[in-house]
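Source file final23.txt; content: compact mmCIF, C-alpha atoms.
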```txt
# COMPACT_ATOMS: atom_id res chain seq x y z
CA MET A 199 0.00 0.00 0.00
CA ASN A 200 1.00 3.57 -0.69
CA GLN A 201 2.98 4.96 2.31
CA TYR A 202 0.70 7.97 2.69
CA LEU A 203 -2.45 5.85 2.60
CA GLN A 204 -0.87 3.41 5.11
CA ASN A 205 -0.22 6.29 7.54
CA ILE A 206 -3.84 7.39 7.25
CA MET A 207 -4.94 3.78 7.83
CA ASN A 208 -2.81 3.58 11.00
CA ILE A 209 -4.24 6.83 12.37
CA ILE A 210 -7.80 5.65 11.78
CA GLN A 211 -7.16 2.27 13.49
CA GLN A 212 -5.80 4.06 16.57
CA ASP A 213 -8.71 6.49 16.78
CA GLU A 214 -10.89 5.33 19.73
CA ASN A 215 -13.78 7.58 18.79
CA LEU A 216 -14.54 5.45 15.69
CA SER A 217 -16.48 2.26 15.85
CA ALA A 218 -15.23 -0.97 14.31
CA GLU A 219 -17.82 -0.62 11.47
CA GLN A 220 -16.68 2.93 10.70
CA LYS A 221 -13.04 1.91 10.70
CA GLU A 222 -13.83 -0.98 8.35
CA ALA A 223 -15.79 1.30 5.95
CA ILE A 224 -12.98 3.89 5.89
CA ALA A 225 -10.38 1.16 5.34
CA LYS A 226 -12.41 -0.15 2.42
CA SER A 227 -12.60 3.34 0.84
CA ILE A 228 -8.87 3.79 1.28
CA LYS A 229 -8.18 0.47 -0.46
CA GLU A 230 -10.47 1.45 -3.36
CA ALA A 231 -8.69 4.81 -3.60
CA GLU A 232 -5.39 2.94 -3.69
CA LYS A 233 -6.61 0.84 -6.63
CA GLU A 234 -7.70 3.98 -8.48
CA LEU A 235 -4.29 5.54 -7.83
CA GLU A 236 -2.56 2.44 -9.16
CA ILE A 237 -4.72 2.50 -12.31
CA THR A 238 -4.03 6.21 -12.74
CA ALA A 239 -0.30 5.67 -12.24
CA PHE A 240 -0.37 2.88 -14.82
CA LYS A 241 -2.17 5.09 -17.30
CA LEU A 242 0.26 7.94 -16.71
CA ASP A 243 3.18 5.61 -17.22
CA ARG A 244 1.65 4.29 -20.40
CA THR A 245 0.90 7.82 -21.63
CA GLU A 246 4.51 8.79 -20.99
CA LYS A 247 5.74 5.85 -23.01
CA VAL A 248 3.37 6.71 -25.85
CA LYS A 249 4.57 10.30 -25.67
CA ARG A 250 8.21 9.25 -25.90
CA THR A 251 7.42 6.87 -28.78
CA THR A 252 5.46 9.60 -30.58
CA ALA A 253 8.34 12.05 -30.13
CA ILE A 254 10.76 9.51 -31.63
CA LEU A 255 8.40 8.83 -34.59
CA LEU A 256 7.86 12.57 -35.10
CA GLU A 257 11.59 13.16 -35.18
CA GLU A 258 12.03 10.37 -37.71
CA THR A 259 9.15 11.76 -39.80
CA ILE A 260 10.69 15.24 -39.76
CA GLN A 261 14.02 13.83 -40.88
CA GLU A 262 12.32 11.82 -43.63
CA LEU A 263 10.36 14.88 -44.81
CA GLU A 264 13.56 16.92 -44.86
CA GLN A 265 15.24 14.26 -47.00
CA LYS A 266 12.24 14.24 -49.35
CA ARG A 267 12.27 18.05 -49.51
CA LYS A 268 15.92 17.99 -50.53
CA ALA A 269 15.17 15.28 -53.08
CA VAL A 270 12.30 17.36 -54.51
CA GLU A 271 14.55 20.43 -54.72
CA GLU A 272 17.20 18.41 -56.54
CA SER A 273 14.54 17.03 -58.89
CA ASN A 274 13.20 20.54 -59.54
CA ASP A 275 16.71 21.78 -60.31
CA ALA A 276 17.24 18.86 -62.69
CA LEU A 277 13.85 19.46 -64.34
CA GLN A 278 14.57 23.18 -64.71
CA LYS A 279 17.90 22.41 -66.31
CA SER A 280 16.26 19.88 -68.64
CA LEU A 281 13.56 22.43 -69.53
CA GLU A 282 16.17 25.05 -70.40
CA GLU A 283 18.06 22.51 -72.52
CA LEU A 284 14.82 21.53 -74.27
CA LYS A 285 14.02 25.17 -75.00
CA ALA A 286 17.51 25.71 -76.39
CA THR A 287 17.18 22.57 -78.51
CA GLN A 288 13.76 23.71 -79.75
CA GLN A 289 15.18 27.07 -80.80
CA GLN A 290 17.99 25.28 -82.63
CA LEU A 291 15.47 23.04 -84.39
CA ILE A 292 13.36 26.05 -85.37
CA GLN A 293 16.42 27.81 -86.75
CA SER A 294 17.50 24.64 -88.59
CA GLU A 295 14.03 24.38 -90.13
CA LYS A 296 14.21 28.02 -91.21
CA MET A 297 17.61 27.57 -92.81
CA ALA A 298 16.48 24.37 -94.54
CA SER A 299 13.42 26.12 -95.98
CA LEU A 300 15.58 29.09 -96.96
CA GLY A 301 17.78 26.70 -98.91
CA GLU A 302 14.71 25.39 -100.72
CA LEU A 303 13.62 28.96 -101.44
CA THR A 304 16.97 30.12 -102.80
CA ALA A 305 16.13 29.34 -106.41
CA GLY A 306 12.71 30.94 -106.08
CA ILE A 307 14.23 34.04 -104.52
CA ALA A 308 16.79 34.26 -107.32
CA HIS A 309 13.96 33.99 -109.87
CA GLU A 310 11.90 36.66 -108.12
CA ILE A 311 14.87 39.03 -107.85
CA GLN A 312 15.83 38.43 -111.48
CA ASN A 313 12.50 39.76 -112.78
CA PRO A 314 12.77 43.27 -111.28
CA LEU A 315 16.49 43.34 -112.12
CA ASN A 316 15.65 42.62 -115.77
CA PHE A 317 13.22 45.55 -115.72
CA VAL A 318 15.86 47.79 -114.13
CA ASN A 319 18.44 46.81 -116.74
CA ASN A 320 16.05 47.22 -119.69
CA PHE A 321 14.69 50.58 -118.58
CA SER A 322 18.24 51.77 -117.82
CA GLU A 323 19.34 50.93 -121.37
CA VAL A 324 16.28 52.63 -122.88
CA SER A 325 16.80 55.65 -120.63
CA THR A 326 20.41 55.97 -121.79
CA GLU A 327 19.19 56.06 -125.39
CA LEU A 328 16.54 58.62 -124.46
CA VAL A 329 19.18 60.89 -122.89
CA ASP A 330 21.16 60.81 -126.18
CA GLU A 331 17.99 61.60 -128.15
CA MET A 332 17.11 64.44 -125.78
CA ASN A 333 20.57 65.96 -126.12
CA ASP A 334 20.23 65.81 -129.94
CA GLU A 335 16.87 67.55 -129.83
CA ILE A 336 18.21 70.24 -127.47
CA THR A 337 21.15 70.80 -129.84
CA LYS A 338 18.72 71.18 -132.74
CA GLY A 339 16.65 73.59 -130.68
CA ASN A 340 13.59 71.31 -130.60
CA LEU A 341 12.72 72.02 -126.97
CA ASP A 342 9.18 70.63 -127.19
CA ASP A 343 10.50 67.26 -128.41
CA ALA A 344 13.22 67.38 -125.75
CA LYS A 345 10.56 67.95 -123.03
CA GLU A 346 8.52 65.03 -124.35
CA ILE A 347 11.59 62.79 -124.18
CA ALA A 348 12.30 64.09 -120.66
CA ASN A 349 8.79 63.01 -119.59
CA ASP A 350 9.42 59.53 -121.03
CA LEU A 351 12.73 59.47 -119.19
CA LYS A 352 11.01 60.42 -115.91
CA GLN A 353 8.50 57.58 -116.33
CA ASN A 354 11.34 55.13 -116.94
CA LEU A 355 13.15 56.28 -113.82
CA GLU A 356 9.96 55.79 -111.79
CA LYS A 357 9.70 52.24 -113.11
CA ILE A 358 13.37 51.62 -112.28
CA ASN A 359 12.75 52.90 -108.75
CA HIS A 360 9.63 50.70 -108.39
CA HIS A 361 11.37 47.50 -109.49
CA GLY A 362 14.48 48.35 -107.44
CA LYS A 363 12.31 48.59 -104.33
CA ARG A 364 10.65 45.32 -105.32
CA ALA A 365 14.05 43.56 -105.39
CA GLY A 366 14.90 45.18 -102.05
CA ASP A 367 11.66 43.90 -100.50
CA ILE A 368 12.47 40.36 -101.64
CA VAL A 369 15.92 40.54 -100.04
CA LYS A 370 14.37 41.97 -96.86
CA GLY A 371 11.89 39.09 -96.73
CA MET A 372 14.71 36.58 -97.23
CA LEU A 373 16.69 38.10 -94.35
CA GLN A 374 13.62 38.12 -92.10
CA HIS A 375 13.00 34.47 -92.87
CA SER A 376 16.57 33.42 -92.10
CA ARG A 377 17.27 35.37 -88.92
CA THR A 378 16.25 34.27 -85.44
CA SER A 379 12.85 35.74 -84.63
CA SER A 380 12.93 38.80 -82.40
CA GLY A 381 9.39 38.02 -81.33
CA GLN A 382 8.37 41.60 -82.13
CA LYS A 383 4.93 41.88 -83.70
CA GLU A 384 4.28 44.48 -86.36
CA PRO A 385 1.33 45.44 -88.58
CA THR A 386 1.48 43.03 -91.52
CA ASP A 387 -0.36 42.74 -94.84
CA ILE A 388 -1.42 39.09 -94.70
CA ASN A 389 -2.48 39.00 -98.37
CA ALA A 390 0.92 40.29 -99.49
CA LEU A 391 2.67 37.79 -97.20
CA CYS A 392 0.69 34.86 -98.64
CA ASP A 393 1.24 36.02 -102.22
CA GLU A 394 4.98 36.45 -101.65
CA TYR A 395 5.56 32.99 -100.19
CA LEU A 396 3.28 31.28 -102.71
CA ARG A 397 5.33 32.54 -105.64
CA LEU A 398 8.67 31.96 -103.91
CA ALA A 399 7.69 28.37 -103.08
CA TYR A 400 6.48 27.66 -106.62
CA HIS A 401 9.53 29.11 -108.40
CA GLY A 402 11.84 27.44 -105.87
CA LEU A 403 10.34 24.01 -106.65
CA ARG A 404 10.40 24.72 -110.38
CA ALA A 405 14.08 25.61 -110.25
CA LYS A 406 14.84 22.51 -108.19
CA ASP A 407 12.84 20.14 -110.40
CA LYS A 408 12.13 21.23 -113.98
CA SER A 409 9.45 18.54 -114.31
CA PHE A 410 7.44 20.05 -111.45
CA ASN A 411 4.39 21.98 -112.50
CA ALA A 412 1.15 22.89 -110.77
CA ASP A 413 -1.59 25.45 -111.08
CA PHE A 414 -1.81 27.89 -108.17
CA LYS A 415 -4.48 30.45 -107.43
CA THR A 416 -5.16 33.15 -104.85
CA GLU A 417 -8.51 34.24 -103.47
CA PHE A 418 -7.79 37.19 -101.19
CA ASP A 419 -10.27 39.17 -99.12
CA GLU A 420 -9.21 42.78 -99.73
CA SER A 421 -11.15 44.01 -96.69
CA ILE A 422 -8.65 42.42 -94.30
CA PRO A 423 -6.73 45.08 -92.33
CA ASN A 424 -3.07 44.79 -91.38
CA ILE A 425 -2.78 42.61 -88.27
CA ASN A 426 -0.08 42.48 -85.61
CA VAL A 427 2.02 39.35 -86.09
CA VAL A 428 5.69 38.35 -86.20
CA PRO A 429 5.90 38.32 -90.03
CA GLN A 430 8.85 35.92 -90.35
CA ASP A 431 7.14 33.42 -88.04
CA ILE A 432 3.71 33.51 -89.70
CA GLY A 433 5.47 33.53 -93.08
CA ARG A 434 7.24 30.33 -92.02
CA VAL A 435 3.87 28.71 -91.25
CA ILE A 436 2.34 29.79 -94.56
CA LEU A 437 5.41 28.59 -96.46
CA ASN A 438 5.33 25.19 -94.76
CA LEU A 439 1.65 24.65 -95.63
CA ILE A 440 2.20 25.73 -99.24
CA ASN A 441 5.25 23.47 -99.63
CA ASN A 442 3.26 20.55 -98.21
CA ALA A 443 0.41 21.30 -100.63
CA PHE A 444 2.75 21.40 -103.65
CA TYR A 445 4.37 18.15 -102.46
CA ALA A 446 0.94 16.48 -102.20
CA VAL A 447 -0.24 17.50 -105.67
CA ASP A 448 3.11 16.49 -107.20
CA GLU A 449 2.88 13.05 -105.56
CA ARG A 450 -0.62 12.55 -106.96
CA LYS A 451 0.53 13.76 -110.39
CA LYS A 452 3.09 10.94 -110.43
CA LEU A 453 0.17 8.46 -110.37
CA ASN A 454 -0.63 9.53 -113.96
CA GLU A 455 -4.38 9.79 -113.37
CA SER A 456 -6.31 10.74 -116.46
CA GLY A 457 -7.51 14.36 -116.44
CA TYR A 458 -5.82 15.25 -113.16
CA GLU A 459 -4.74 18.89 -112.83
CA PRO A 460 -2.61 19.61 -109.73
CA THR A 461 -3.95 22.75 -108.04
CA VAL A 462 -3.11 24.72 -104.91
CA ILE A 463 -5.39 27.55 -103.75
CA VAL A 464 -4.35 30.08 -101.10
CA SER A 465 -7.18 32.22 -99.79
CA THR A 466 -7.87 34.69 -97.01
CA LYS A 467 -11.11 35.71 -95.36
CA LYS A 468 -12.21 38.09 -92.62
CA GLU A 469 -14.58 36.34 -90.23
CA GLY A 470 -15.70 38.32 -87.21
CA ASN A 471 -12.61 39.38 -85.28
CA ASN A 472 -10.44 36.78 -87.02
CA VAL A 473 -8.52 36.35 -90.24
CA LEU A 474 -8.65 32.91 -91.85
CA ILE A 475 -5.79 31.84 -94.11
CA SER A 476 -6.61 28.68 -96.08
CA VAL A 477 -4.21 26.51 -98.08
CA LYS A 478 -6.15 24.00 -100.15
CA ASP A 479 -4.83 21.32 -102.49
CA ASN A 480 -6.25 18.44 -104.49
CA GLY A 481 -3.29 16.16 -103.80
CA THR A 482 -2.91 12.76 -102.19
CA GLY A 483 -4.64 13.85 -98.98
CA ILE A 484 -4.21 12.47 -95.48
CA PRO A 485 -5.69 9.16 -94.28
CA GLN A 486 -8.35 9.66 -91.62
CA ASN A 487 -6.56 7.36 -89.18
CA ILE A 488 -3.52 9.65 -88.92
CA VAL A 489 -5.16 13.09 -89.01
CA ASP A 490 -4.89 13.34 -85.21
CA LYS A 491 -1.13 12.70 -85.37
CA ILE A 492 -0.03 15.25 -87.96
CA PHE A 493 0.77 17.99 -85.42
CA GLN A 494 2.93 15.69 -83.29
CA PRO A 495 6.70 16.44 -83.37
CA PHE A 496 8.72 14.28 -85.77
CA PHE A 497 5.60 12.67 -87.31
CA THR A 498 5.80 12.64 -91.09
CA THR A 499 4.25 10.73 -93.96
CA LYS A 500 7.10 11.65 -96.30
CA PRO A 501 9.85 9.15 -97.17
CA THR A 502 13.03 9.10 -95.06
CA GLY A 503 15.17 12.11 -95.92
CA SER A 504 12.27 14.10 -97.39
CA GLY A 505 10.94 15.61 -94.17
CA THR A 506 11.85 16.08 -90.52
CA GLY A 507 8.31 15.88 -89.18
CA LEU A 508 8.80 19.23 -87.43
CA GLY A 509 7.11 21.55 -89.93
CA LEU A 510 3.51 21.19 -88.80
CA SER A 511 4.46 20.84 -85.13
CA LEU A 512 6.45 24.09 -85.14
CA SER A 513 3.75 25.78 -87.22
CA TYR A 514 1.13 24.76 -84.67
CA ASP A 515 3.21 26.23 -81.82
CA ILE A 516 3.81 29.49 -83.72
CA VAL A 517 0.09 30.01 -84.43
CA LYS A 518 -0.80 29.17 -80.82
CA ALA A 519 1.76 31.74 -79.62
CA HIS A 520 -0.12 34.32 -81.73
CA GLY A 521 -3.38 33.48 -79.96
CA GLY A 522 -4.69 31.65 -83.00
CA GLU A 523 -5.43 28.12 -84.22
CA LEU A 524 -4.04 25.83 -86.88
CA LYS A 525 -6.41 23.09 -87.93
CA VAL A 526 -7.35 20.72 -90.70
CA GLY A 527 -10.31 22.48 -92.22
CA HIS A 528 -11.62 20.03 -94.79
CA ILE A 529 -10.64 16.77 -96.41
CA GLU A 530 -11.86 16.08 -99.95
CA ILE A 531 -13.16 12.52 -100.36
CA GLU A 532 -13.23 10.89 -103.76
CA ASN A 533 -15.50 7.89 -104.34
CA THR A 534 -13.87 4.97 -106.11
CA SER A 535 -15.02 1.46 -106.86
CA ASP A 536 -12.81 0.17 -104.06
CA SER A 537 -13.23 2.66 -101.22
CA HIS A 538 -13.51 6.28 -100.17
CA VAL A 539 -10.10 7.81 -100.86
CA SER A 540 -8.86 11.11 -99.49
CA ARG A 541 -7.97 13.36 -102.41
CA GLY A 542 -7.00 16.78 -101.15
CA ILE A 543 -6.99 18.70 -97.91
CA THR A 544 -7.42 22.21 -96.57
CA PHE A 545 -5.38 23.67 -93.73
CA ILE A 546 -6.69 26.78 -91.99
CA ILE A 547 -4.72 29.33 -89.97
CA GLN A 548 -6.98 31.40 -87.73
CA LEU A 549 -5.47 34.62 -86.36
CA PRO A 550 -7.09 37.31 -84.23
CA ILE A 551 -7.30 40.74 -85.85
CA SER A 552 -6.86 42.41 -82.46
CA GLU A 553 -5.71 40.82 -79.21
```
Show me this structure written as structure tokens.
Amino acid sequence: MNQYLQNIMNIIQQDENLSAEQKEAIAKSIKEAEKELEITAFKLDRTEKVKRTTAILLEETIQELEQKRKAVEESNDALQKSLEELKATQQQLIQSEKMASLGELTAGIAHEIQNPLNFVNNFSEVSTELVDEMNDEITKGNLDDAKEIANDLKQNLEKINHHGKRAGDIVKGMLQHSRTSSGQKEPTDINALCDEYLRLAYHGLRAKDKSFNADFKTEFDESIPNINVVPQDIGRVILNLINNAFYAVDERKKLNESGYEPTVIVSTKKEGNNVLISVKDNGTGIPQNIVDKIFQPFFTTKPTGSGTGLGLSLSYDIVKAHGGELKVGHIEIENTSDSHVSRGITFIIQLPISE
């Protein structure tokens, strides 16, 4: 028995004023109190042990969480480094694609520059002759004839200036296409951009392969205002779609189908607060089962060595970055005795007129 309770018990037993029944009742209560104290002591001891165990587990948990935190930080650092490397690689791929397409365009650019240069040379030669004629008329005193020749000379110089600027614009476009994009948007004539790249792509393919030939048409909405885009980036998208269209019609032409006329149509349209740029062809088309894959990086239906599979993927990212959409607008289906065959496709670039 607890020492303190035992002392109380002894005092009670010695008290002569209490009867035997009272002493027995008090002794019983003291014994019950002792049991309660023992139970309470046991519980306190158990609680203390649980507390110590919990403290140990908590310390271990804190250490484990700290290790995990460090591991997460290391993983985040590794992921950030990988992300930066991926971005750098993507930029290199984009630049490689631009340089590859520039190489394909070289012949077309040379052809386009040659035309205004021919005009400049021809008008310069004619103007030289006109100067000699004007001097002769002045010497003879025929001032009216000399003035008439001077007017002709002025018109020739205006034409020389016009075609010189045209050649300069072509060179400017070539430099814009080749350099790394600054990301700066500027008001751009979408119709002029489409027309420029359509002709450059066509003449480039013609110079590369003399057997290549296709009809191309433009259907431009003249009500479209200039819109803020990065011209070299959107030009890259338009060029990629046009090159793909010419490739598709040329592949179908090789099948020697009777009456087939390869045709590519580039059109623009103002629709609400958007501009739609459509590139339509009547070529080999795209099988329905792979339409969902065409915007995936490195996916291509061209033979090995003919395409990287990055063109449409990069084009999709560029249009998205402009707040627009690039989508397959329509697939032409041709009924044959065997099955429904895809013969032609339309790609649509949707760009906001104002952000």
Within 12 Å of (1.2, 28.3, -87.7), only C-alpha atoms: residues as a ChimeraX atom specification?
/A:427-440,474-477,493,508-526,545-549
Out of A:Gly481, A:Gly362, A:Gly339, A:Pro423, which residue has the shortest atom-to-atom distance to Ile463 of chain A when counting all atoms listed in the file?
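For Ile463 of chain A, the nearest of the given residues is A:Gly481.
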Test item: residues at most 7 Å from Ile551 of chain A, all atoms listed in the file, excluding those fewer than 4 positions along its chain, as a list of chain:residue names:
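Near Ile551 of chain A, the qualifying residues are A:Ile425, A:Asn471, A:Asn472, A:Val473.
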Please indicate the distance in Å from atom CA of Asp342 of chain A to atom CA of Leu328 of chain A, rounded to one decimal place.
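Straight-line distance from atom CA of Asp342 of chain A to atom CA of Leu328 of chain A works out to 14.3 Å.
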Quick one: everything within 10 Å of Asp413 of chain A, counting all atoms listed in the file, minus sequence neighbours fewer than 2 positions away in the same chain. Send it as a PyMOL selection string.
chain A and resi 400+411+415+444+447+459-463
